[in-house]
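Enquirer: This is target_15.cif (mmCIF, C-alpha atoms).
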```cif
data_data
#
loop_
_atom_site.label_atom_id
_atom_site.label_comp_id
_atom_site.auth_asym_id
_atom_site.auth_seq_id
_atom_site.Cartn_x
_atom_site.Cartn_y
_atom_site.Cartn_z
CA MET C 10 48.48 31.19 22.87
CA ARG C 11 47.50 28.28 20.65
CA ILE C 12 50.68 26.38 21.62
CA SER C 13 50.00 26.79 25.35
CA LEU C 14 46.44 25.48 24.91
CA VAL C 15 47.77 22.37 23.13
CA GLY C 16 50.32 21.95 25.94
CA ILE C 17 47.60 22.07 28.60
CA LEU C 18 45.53 19.48 26.73
CA LEU C 19 48.53 17.13 26.39
CA CYS C 20 49.29 17.45 30.10
CA ALA C 21 45.70 16.69 30.99
CA ALA C 22 45.76 13.59 28.77
CA TRP C 23 49.02 12.39 30.40
CA VAL C 24 47.61 12.86 33.92
CA THR C 25 44.41 10.97 32.99
CA ARG C 26 46.45 8.10 31.55
CA LEU C 27 48.56 7.87 34.68
CA ALA C 28 45.46 7.80 36.88
CA TRP C 29 43.81 5.12 34.64
CA GLY C 30 46.92 2.93 34.85
CA GLN C 31 46.99 3.21 38.65
CA ALA C 32 43.31 2.31 38.91
CA ALA C 33 43.81 -0.76 36.72
CA ALA C 34 46.75 -1.87 38.88
CA ASP C 35 44.61 -1.42 42.03
CA ASP C 36 41.85 -3.54 40.48
CA GLU C 37 44.28 -6.33 39.65
CA SER C 38 45.71 -6.35 43.18
CA ALA C 39 42.19 -6.45 44.62
CA MET C 40 41.30 -9.62 42.67
CA PRO C 41 40.98 -12.75 44.88
CA GLU C 42 43.28 -15.68 44.41
CA PHE C 43 41.77 -18.98 43.24
CA THR C 44 42.42 -22.21 45.01
CA PRO C 45 42.71 -25.43 42.84
CA ASP C 46 39.21 -26.56 43.96
CA GLN C 47 37.64 -23.31 42.94
CA GLY C 48 39.46 -23.59 39.63
CA ALA C 49 38.02 -27.05 38.97
CA THR C 50 34.47 -25.86 39.73
CA ALA C 51 34.94 -22.85 37.48
CA ASN C 52 36.16 -25.16 34.71
CA ALA C 53 33.10 -27.40 35.11
CA VAL C 54 30.78 -24.39 34.96
CA MET C 55 32.55 -23.10 31.89
CA GLU C 56 32.27 -26.51 30.19
CA GLU C 57 28.60 -26.67 31.00
CA THR C 58 28.04 -23.17 29.65
CA ALA C 59 29.93 -24.08 26.48
CA GLU C 60 27.76 -27.20 26.11
CA PHE C 61 24.59 -25.13 26.45
CA ARG C 62 25.93 -22.61 23.97
CA THR C 63 26.62 -25.38 21.45
CA LEU C 64 23.11 -26.78 21.96
CA ASP C 65 21.61 -23.32 21.55
CA GLU C 66 23.63 -22.78 18.38
CA ASP C 67 22.48 -26.17 17.06
CA ILE C 68 18.85 -25.21 17.73
CA GLN C 69 19.32 -21.88 15.98
CA ASP C 70 20.94 -23.64 13.00
CA LEU C 71 18.05 -26.09 12.85
CA LYS C 72 15.51 -23.26 12.98
CA LYS C 73 17.33 -21.52 10.14
CA LEU C 74 17.34 -24.73 8.11
CA VAL C 75 13.58 -25.16 8.64
CA LEU C 76 12.96 -21.57 7.57
CA ASP C 77 15.12 -22.02 4.47
CA LEU C 78 13.30 -25.24 3.64
CA ASN C 79 9.95 -23.56 4.11
CA ARG C 80 10.98 -20.74 1.78
CA ASP C 81 12.20 -23.20 -0.87
CA LEU C 82 8.95 -25.15 -0.61
CA PHE C 83 6.93 -21.94 -0.97
CA LEU C 84 8.91 -20.95 -4.07
CA LEU C 85 8.55 -24.43 -5.56
CA GLU C 86 4.81 -24.46 -4.87
CA GLU C 87 4.41 -21.04 -6.45
CA GLU C 88 6.44 -22.14 -9.45
CA LEU C 89 4.26 -25.22 -9.86
CA LEU C 90 0.93 -23.47 -9.37
CA PHE C 91 1.81 -20.37 -11.31
CA PRO C 92 4.44 -21.25 -13.92
CA ALA C 93 6.44 -18.24 -15.03
CA ASN C 94 5.24 -18.39 -18.62
CA THR C 95 1.55 -18.05 -17.67
CA GLN C 96 1.91 -16.00 -14.50
CA VAL C 97 0.10 -12.69 -14.08
CA ALA C 98 0.49 -10.73 -10.86
CA VAL C 99 -1.26 -7.50 -9.93
CA PHE C 100 0.19 -5.22 -7.26
CA VAL C 101 -1.16 -2.14 -5.50
CA SER C 102 1.06 0.72 -4.38
CA MET C 103 0.34 4.16 -3.03
CA ASP C 104 2.22 7.42 -3.15
CA VAL C 105 1.41 10.33 -0.81
CA GLY C 106 -2.35 9.69 -0.51
CA GLU C 107 -3.33 13.20 0.59
CA PHE C 108 -6.46 13.22 -1.53
CA PHE C 109 -7.51 9.60 -1.21
CA GLY C 110 -7.98 7.21 1.70
CA LEU C 111 -7.95 3.67 0.32
CA ASP C 112 -10.77 1.36 1.34
CA SER C 113 -10.88 -1.40 -1.27
CA VAL C 114 -9.64 -2.50 -4.67
CA SER C 115 -11.53 -4.78 -7.05
CA VAL C 116 -9.80 -6.33 -10.02
CA THR C 117 -11.53 -7.72 -13.09
CA LEU C 118 -9.61 -9.61 -15.76
CA ASP C 119 -11.39 -10.20 -19.04
CA ASN C 120 -14.76 -9.43 -17.39
CA LYS C 121 -14.14 -11.92 -14.61
CA ASP C 122 -13.84 -10.77 -10.98
CA VAL C 123 -10.53 -12.10 -9.73
CA ALA C 124 -9.87 -10.05 -6.62
CA ASN C 125 -11.72 -7.89 -4.16
CA TYR C 126 -9.63 -6.69 -1.28
CA LEU C 127 -10.66 -4.59 1.73
CA TYR C 128 -7.75 -2.66 3.23
CA THR C 129 -7.58 -2.07 6.96
CA ALA C 130 -6.19 1.22 8.28
CA ARG C 131 -2.94 -0.56 9.12
CA GLU C 132 -2.59 -2.00 5.62
CA ALA C 133 -3.33 1.37 3.99
CA ASP C 134 -0.71 2.91 6.25
CA ALA C 135 1.81 0.25 5.19
CA LEU C 136 1.13 1.14 1.55
CA LEU C 137 1.70 4.81 2.30
CA ARG C 138 5.01 3.91 3.90
CA GLY C 139 6.18 2.35 0.65
CA GLY C 140 4.71 -1.13 0.91
CA VAL C 141 3.45 -2.96 -2.16
CA HIS C 142 0.56 -5.39 -1.93
CA GLN C 143 0.10 -8.34 -4.26
CA VAL C 144 -3.65 -8.27 -4.78
CA TYR C 145 -3.80 -11.03 -7.38
CA LEU C 146 -1.67 -13.88 -8.67
CA GLY C 147 -2.97 -16.19 -11.38
CA ASN C 148 -2.41 -17.84 -14.71
CA MET C 149 -3.31 -16.46 -18.15
CA ARG C 150 -2.59 -17.62 -21.64
CA ALA C 151 -0.53 -15.48 -23.99
CA GLY C 152 -2.41 -12.83 -25.92
CA GLU C 153 -4.40 -9.66 -25.34
CA HIS C 154 -6.25 -9.17 -22.05
CA GLU C 155 -8.20 -6.41 -20.38
CA LEU C 156 -7.79 -5.43 -16.74
CA VAL C 157 -10.25 -3.20 -14.91
CA ALA C 158 -9.40 -1.98 -11.41
CA ILE C 159 -11.98 -0.24 -9.24
CA PHE C 160 -10.65 1.82 -6.34
CA SER C 161 -13.02 2.76 -3.51
CA GLY C 162 -12.24 5.04 -0.63
CA GLU C 163 -12.56 8.45 0.83
CA GLY C 164 -11.74 11.47 -1.26
CA SER C 165 -11.15 15.04 -0.20
CA HIS C 166 -13.78 16.60 2.13
CA ASP C 167 -14.53 13.07 3.47
CA ARG C 168 -16.56 12.18 0.41
CA ASP C 169 -16.94 8.64 -0.84
CA TYR C 170 -14.75 8.22 -3.86
CA ARG C 171 -14.88 5.49 -6.48
CA ARG C 172 -12.76 5.43 -9.60
CA GLY C 173 -11.84 2.89 -12.23
CA ALA C 174 -8.75 2.35 -14.31
CA THR C 175 -8.59 0.13 -17.39
CA VAL C 176 -5.66 -1.26 -19.27
CA VAL C 177 -5.42 -3.61 -22.22
CA PHE C 178 -2.17 -5.52 -22.03
CA GLU C 179 -0.37 -8.07 -24.11
CA LYS C 180 0.65 -11.20 -22.25
CA GLY C 181 3.82 -12.61 -23.75
CA ILE C 182 5.79 -15.76 -23.00
CA GLY C 183 7.25 -14.55 -19.70
CA PRO C 184 5.45 -13.54 -16.51
CA LYS C 185 3.45 -10.32 -16.47
CA TYR C 186 3.46 -7.89 -13.56
CA ILE C 187 0.97 -5.05 -13.38
CA GLU C 188 1.15 -2.31 -10.79
CA LEU C 189 -1.87 -0.23 -9.79
CA ILE C 190 -0.45 3.04 -8.54
CA ILE C 191 -2.49 5.48 -6.48
CA SER C 192 -0.88 8.89 -6.33
CA ASP C 193 -1.79 12.53 -5.83
CA ARG C 194 -2.22 14.97 -8.64
CA GLU C 195 -1.19 18.12 -6.80
CA GLN C 196 -2.28 20.56 -9.51
CA LYS C 197 -5.86 19.29 -9.60
CA LEU C 198 -5.98 18.44 -5.90
CA GLN C 199 -7.24 15.00 -6.87
CA PRO C 200 -5.98 11.45 -6.66
CA GLU C 201 -4.61 9.77 -9.73
CA PHE C 202 -4.88 6.08 -10.60
CA VAL C 203 -2.24 4.74 -12.92
CA VAL C 204 -1.79 1.24 -14.29
CA LYS C 205 1.82 0.37 -15.01
CA GLU C 206 3.05 -2.73 -16.78
CA TRP C 207 6.27 -4.44 -15.75
CA GLU C 208 7.99 -7.12 -17.79
CA MET Y 19 -51.38 -39.05 19.22
CA ARG Y 20 -48.20 -38.98 21.28
CA LEU Y 21 -44.76 -39.13 19.72
CA PRO Y 22 -42.34 -41.49 21.41
CA GLY Y 23 -39.74 -39.62 23.51
CA ALA Y 24 -36.76 -40.89 21.54
CA LEU Y 25 -38.29 -39.81 18.23
CA LEU Y 26 -39.14 -36.42 19.69
CA SER Y 27 -35.58 -35.84 20.90
CA VAL Y 28 -34.19 -36.92 17.52
CA LEU Y 29 -36.48 -34.40 15.84
CA ILE Y 30 -35.51 -31.62 18.22
CA LEU Y 31 -31.78 -32.32 18.08
CA GLY Y 32 -31.93 -32.63 14.34
CA LEU Y 33 -33.26 -29.13 13.90
CA PRO Y 34 -30.57 -26.72 12.76
CA GLY Y 35 -29.40 -24.32 15.41
CA ILE Y 36 -30.91 -26.23 18.31
CA GLY Y 37 -29.23 -28.60 20.71
CA THR Y 38 -26.17 -30.23 19.19
CA GLY Y 39 -26.12 -28.20 16.00
CA LEU Y 40 -22.71 -26.85 16.98
CA ALA Y 41 -21.14 -26.92 13.56
CA ALA Y 42 -18.34 -24.52 14.51
CA LEU Y 43 -17.08 -26.95 17.16
CA HIS Y 44 -14.67 -28.54 14.70
CA LEU Y 45 -12.73 -25.29 14.78
CA SER Y 46 -11.81 -25.81 18.42
CA GLY Y 47 -8.06 -26.22 18.63
CA ALA Y 48 -7.54 -25.01 15.07
CA GLN Y 49 -6.22 -21.70 13.81
CA ALA Y 50 -9.09 -19.21 13.54
CA PRO Y 51 -9.73 -18.55 9.84
CA ASP Y 52 -8.72 -15.02 8.93
CA PHE Y 53 -11.21 -12.60 7.46
CA VAL Y 54 -11.77 -8.92 6.84
CA LEU Y 55 -15.13 -7.18 7.18
CA LYS Y 56 -16.44 -3.66 7.22
CA SER Y 57 -17.58 -2.42 10.61
CA ILE Y 58 -20.80 -0.49 11.11
CA SER Y 59 -18.69 2.61 11.76
CA GLY Y 60 -17.02 2.28 8.37
CA GLU Y 61 -13.53 0.95 8.96
CA ASN Y 62 -12.30 -2.44 7.76
CA ILE Y 63 -11.30 -4.92 10.46
CA ARG Y 64 -9.06 -7.93 9.89
CA LEU Y 65 -8.99 -10.66 12.54
CA SER Y 66 -5.28 -11.45 12.12
CA GLU Y 67 -4.42 -7.90 13.15
CA TYR Y 68 -5.55 -8.83 16.67
CA ARG Y 69 -2.90 -11.56 16.99
CA GLY Y 70 -1.27 -11.24 20.40
CA GLN Y 71 -4.56 -10.43 22.08
CA VAL Y 72 -7.28 -12.66 23.47
CA VAL Y 73 -10.28 -12.26 21.19
CA VAL Y 74 -13.90 -13.15 21.70
CA LEU Y 75 -15.62 -13.44 18.34
CA SER Y 76 -19.37 -13.19 18.72
CA PHE Y 77 -21.88 -14.04 16.00
CA TRP Y 78 -25.30 -12.48 16.47
CA ALA Y 79 -28.38 -11.10 14.76
CA LYS Y 80 -31.06 -8.58 15.66
CA TRP Y 81 -33.85 -11.14 15.60
CA CYS Y 82 -32.15 -13.29 18.23
CA GLY Y 83 -33.31 -12.32 21.71
CA ASP Y 84 -30.39 -13.76 23.68
CA CYS Y 85 -27.90 -12.00 21.43
CA ARG Y 86 -28.78 -8.60 22.82
CA ALA Y 87 -28.18 -9.77 26.41
CA GLN Y 88 -24.92 -11.37 25.37
CA LEU Y 89 -23.73 -8.22 23.60
CA ALA Y 90 -24.38 -6.25 26.79
CA GLY Y 91 -22.51 -8.85 28.87
CA LEU Y 92 -19.55 -8.75 26.50
CA ASN Y 93 -19.58 -4.96 26.78
CA GLU Y 94 -18.91 -5.20 30.51
CA MET Y 95 -16.17 -7.79 30.02
CA TYR Y 96 -14.57 -5.62 27.37
CA SER Y 97 -14.46 -2.54 29.57
CA LEU Y 98 -12.95 -4.62 32.39
CA TYR Y 99 -10.15 -6.35 30.49
CA ARG Y 100 -9.51 -4.22 27.42
CA GLU Y 101 -6.33 -2.80 28.93
CA ALA Y 102 -5.05 -6.33 29.58
CA GLY Y 103 -5.13 -7.28 25.91
CA PHE Y 104 -8.71 -8.45 25.54
CA GLU Y 105 -10.73 -7.69 22.42
CA VAL Y 106 -14.30 -8.38 21.42
CA ILE Y 107 -15.39 -8.52 17.79
CA ALA Y 108 -19.10 -8.88 17.15
CA VAL Y 109 -20.16 -10.12 13.73
CA SER Y 110 -23.71 -9.25 12.76
CA MET Y 111 -25.48 -11.71 10.49
CA ASP Y 112 -28.34 -9.32 9.76
CA ARG Y 113 -29.38 -8.67 6.18
CA ASP Y 114 -29.63 -4.94 6.71
CA ILE Y 115 -26.80 -2.87 8.15
CA ASP Y 116 -29.35 -0.54 9.79
CA ASP Y 117 -30.63 -3.44 11.90
CA ALA Y 118 -27.11 -4.15 13.10
CA ARG Y 119 -26.48 -0.47 13.77
CA GLU Y 120 -29.75 -0.05 15.65
CA THR Y 121 -29.06 -2.96 18.01
CA ALA Y 122 -25.44 -1.94 18.55
CA GLU Y 123 -26.53 1.57 19.45
CA ALA Y 124 -29.28 0.33 21.76
CA VAL Y 125 -26.82 -1.86 23.66
CA GLU Y 126 -24.15 0.88 23.47
CA VAL Y 127 -21.42 -1.54 22.43
CA SER Y 128 -17.93 -0.13 22.74
CA TYR Y 129 -16.16 -2.81 20.67
CA PRO Y 130 -16.14 -3.20 16.87
CA VAL Y 131 -19.33 -4.52 15.31
CA LEU Y 132 -18.78 -5.99 11.85
CA PHE Y 133 -21.37 -6.52 9.19
CA ASP Y 134 -21.35 -9.87 7.40
CA GLN Y 135 -23.87 -9.07 4.71
CA GLY Y 136 -22.82 -11.82 2.33
CA ARG Y 137 -22.67 -14.34 5.22
CA GLU Y 138 -19.21 -15.28 3.98
CA VAL Y 139 -17.60 -15.18 7.42
CA SER Y 140 -20.53 -16.99 9.05
CA GLN Y 141 -20.09 -19.74 6.47
CA LEU Y 142 -16.34 -19.74 6.96
CA TYR Y 143 -16.93 -20.38 10.67
CA ASP Y 144 -19.79 -22.79 10.02
CA ILE Y 145 -22.19 -20.84 12.22
CA SER Y 146 -25.46 -22.72 12.46
CA SER Y 147 -27.13 -20.85 15.31
CA THR Y 148 -26.94 -17.60 17.25
CA PRO Y 149 -25.67 -16.42 19.58
CA MET Y 150 -22.37 -18.19 19.26
CA ILE Y 151 -19.01 -17.11 20.56
CA LEU Y 152 -15.51 -18.31 19.89
CA MET Y 153 -12.67 -17.63 22.27
CA ILE Y 154 -9.39 -17.15 20.45
CA ASP Y 155 -6.06 -17.13 22.27
CA ARG Y 156 -3.08 -14.86 21.68
CA GLU Y 157 -1.68 -17.27 19.08
CA GLY Y 158 -4.87 -17.06 17.03
CA VAL Y 159 -6.08 -20.55 17.99
CA VAL Y 160 -9.77 -21.18 18.70
CA ARG Y 161 -9.86 -22.44 22.28
CA GLU Y 162 -13.58 -22.57 22.97
CA VAL Y 163 -16.80 -22.55 21.01
CA ILE Y 164 -19.80 -21.62 23.12
CA GLU Y 165 -23.30 -21.85 21.75
CA GLY Y 166 -26.25 -19.98 23.16
CA TYR Y 167 -26.42 -17.67 26.13
CA ARG Y 168 -27.86 -17.98 29.58
CA ARG Y 169 -28.11 -15.03 31.92
CA GLY Y 170 -25.77 -15.43 34.84
CA THR Y 171 -23.06 -17.24 32.89
CA GLU Y 172 -20.92 -14.10 32.63
CA GLU Y 173 -18.72 -15.28 35.48
CA GLU Y 174 -17.96 -18.50 33.56
CA TYR Y 175 -16.99 -16.44 30.53
CA LEU Y 176 -14.82 -14.23 32.70
CA ASP Y 177 -12.99 -17.22 34.18
CA ARG Y 178 -12.19 -18.52 30.72
CA VAL Y 179 -11.04 -15.12 29.50
CA ARG Y 180 -8.87 -14.64 32.58
CA ALA Y 181 -7.27 -18.04 32.02
CA LEU Y 182 -6.46 -17.12 28.42
CA LEU Y 183 -5.09 -13.73 29.44
CA ARG Y 184 -2.83 -15.38 32.00
CA GLU Y 185 -1.21 -17.70 29.43
#
```
If you convert what's in this file into structure tokens, what do you get?
Expert:
Amino acid sequence: MRISLVGILLCAAWVTRLAWGQAAADDESAMPEFTPDQGATANAVMEETAEFRTLDEDIQDLKKLVLDLNRDLFLLEEELLFPANTQVAVFVSMDVGEFFGLDSVSVTLDNKDVANYLYTAREADALLRGGVHQVYLGNMRAGEHELVAIFSGEGSHDRDYRRGATVVFEKGIGPKYIELIISDREQKLQPEFVVKEWE
Amino acid sequence: MRLPGALLSVLILGLPGIGTGLAALHLSGAQAPDFVLKSISGENIRLSEYRGQVVVLSFWAKWCGDCRAQLAGLNEMYSLYREAGFEVIAVSMDRDIDDARETAEAVEVSYPVLFDQGREVSQLYDISSTPMILMIDREGVVREVIEGYRRGTEEEYLDRVRALLRE
């Protein structure tokens, strides 16, 4: 039974192939013949198209070069303004966000307000989708520093929610990256604000 | 005692917010400075998120009589062209958010009304008088700065908005 089924399938494939071949032959015979004049015009059109394509490629290459240059300039500028050895960057990230709708984040470094950022619904959504926002980038000398982050937003039951998180960190020779993580504490049905240091 | 006409005009034009005190004019042709403000309904609105749409940015205050008429006029324009990619953002320069809310409710505005309590955005845009509107194209460039409001000029506004929408 199995053998006969395979046989039928093979036959069907052979018939289809034969029909395909015939159709291709018909198509070829139906193609018009080109006269030398038509050939010359076609060649000219093809050359013109090729020229345009080259020009388009050149433009694309130029655009890419400009973008690359812009990126290099940006990196150089950042390196100059915020040298790696004094650089401190603060990032905000969000995980789940069931119990907290982010509205704003204020950052204080050594009792000095350095950032106050209002998040739009779109930005908060981007954070929930895994985005990370650089809320502050600045320079600090090596040594001990204190960071206070105030998170404002909407807690559960649509209540206004405001919480702070403090961290005392040691700034070494290299750059310092600090991440402010907003996540859900499922057991307590409350949001959790964690400050994480990256080297 | 009569003041000479020239001196009188100098005095009048020199007063802030009257006549040629169009400080925001220098923004015409430049990229509209980005900002984020809280709206009277609670959400945060960032101007750059409206890129791709024609935006009319209106600066107003409760104490300014013409502002109310302008807000109502903009309301009609907004309902007409909203679907075509037209947005209105009204920035209140009132000190008290309740004043802004009260006026917005009285005029029944259907577009976002932002509250510039610290006057940071008004300073950013160099607003010296009210009402003042800025027309911003889809690329985020300030195309027109219009000071003051006269009843019956809605059609002029509409023509300008239509031209920007067509681009």
Enquirer: Which residue out of C:Leu198, C:Met149, C:Ala133, C:Val144 has the minimum interatomic distance to chain Y when only C-alpha atoms are used?
Expert: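 Among the listed residues, the smallest separation from chain Y belongs to C:Ala133.
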Enquirer: At most 12 Å is the cut-off: for each residue in chain Y with any atom that close to an atom of chain C, write down the nearest atom pair and the distance in Å rounded to one decimal, counting only C-alpha atoms, chain first then increasing number, as a tab-separated table.
Expert:
```
residue	atom	partner	partner_atom	distance
Y:Phe53	CA	C:Leu127	CA	9.9
Y:Val54	CA	C:Leu127	CA	6.8
Y:Leu55	CA	C:Leu127	CA	7.5
Y:Lys56	CA	C:Leu127	CA	8.0
Y:Ser57	CA	C:Thr129	CA	10.7
Y:Gly60	CA	C:Asp112	CA	9.5
Y:Glu61	CA	C:Thr129	CA	7.0
Y:Asn62	CA	C:Thr129	CA	4.8
Y:Ile63	CA	C:Thr129	CA	5.8
Y:Arg64	CA	C:Thr129	CA	6.7
Y:Leu65	CA	C:Thr129	CA	10.3
Y:Ser66	CA	C:Thr129	CA	10.9
Y:Glu67	CA	C:Arg131	CA	8.5
Y:Tyr68	CA	C:Arg131	CA	11.5
```
Enquirer: Evaluate the PyMOL selection byres ((chain Y and resi 165-182) around 6) and record the selected residues as a PyMOL selection string, following the chain and residue labels used in the document.
Expert: chain Y and resi 149-150+164+183-185
Enquirer: Take atom CA of Glu153 of chain C and atom CA of Asp104 of chain C and report the distance between them in Å, one decimal.
Expert: 28.8 Å
Enquirer: Would you mind listing what lies within 9 Å of segment 116-132 of chain Y as an MDAnalysis selection string, with all atoms listed in the file counted and same-chain residues fewer than 4 positions away left out?
Expert: chainID Y and resid 55:59 62:63 79:80 86:87 89:90 92:93 96:97 105:112
Enquirer: Go through the shown structure with the PyMOL selection byres ((chain C and resi 167-183) around 8) and write out the matching residues as a ChimeraX atom specification.
Expert: /C:93-96,109,149-166,184-185,202-204,206,208
Enquirer: Measure the distance from atom CA of Leu118 of chain C to atom CA of Pro51 of chain Y in Å and round it to one decimal.
Expert: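 Going from atom CA of Leu118 of chain C over to atom CA of Pro51 of chain Y, I get 27.1 Å.
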Enquirer: Anything within 10 Å of (-0.4, 8.1, -5.9): list those residues as a list of chain:residue names, counting only C-alpha atoms and sticking to the file's coordinates.
Expert: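 Residues with an atom close enough to that point: C:Ser102, C:Met103, C:Asp104, C:Val105, C:Gly106, C:Glu107, C:Phe108, C:Phe109, C:Leu137, C:Leu189, C:Ile190, C:Ile191, C:Ser192, C:Asp193, C:Arg194, C:Gln199, C:Pro200, C:Glu201, C:Phe202, C:Val203.
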Enquirer: Could you list the residues chosen by the PyMOL selection byres ((chain Y and resi 134-139) around 6) in this structure as a PyMOL selection string?
Expert: chain Y and resi 110-111+113+133+140-142
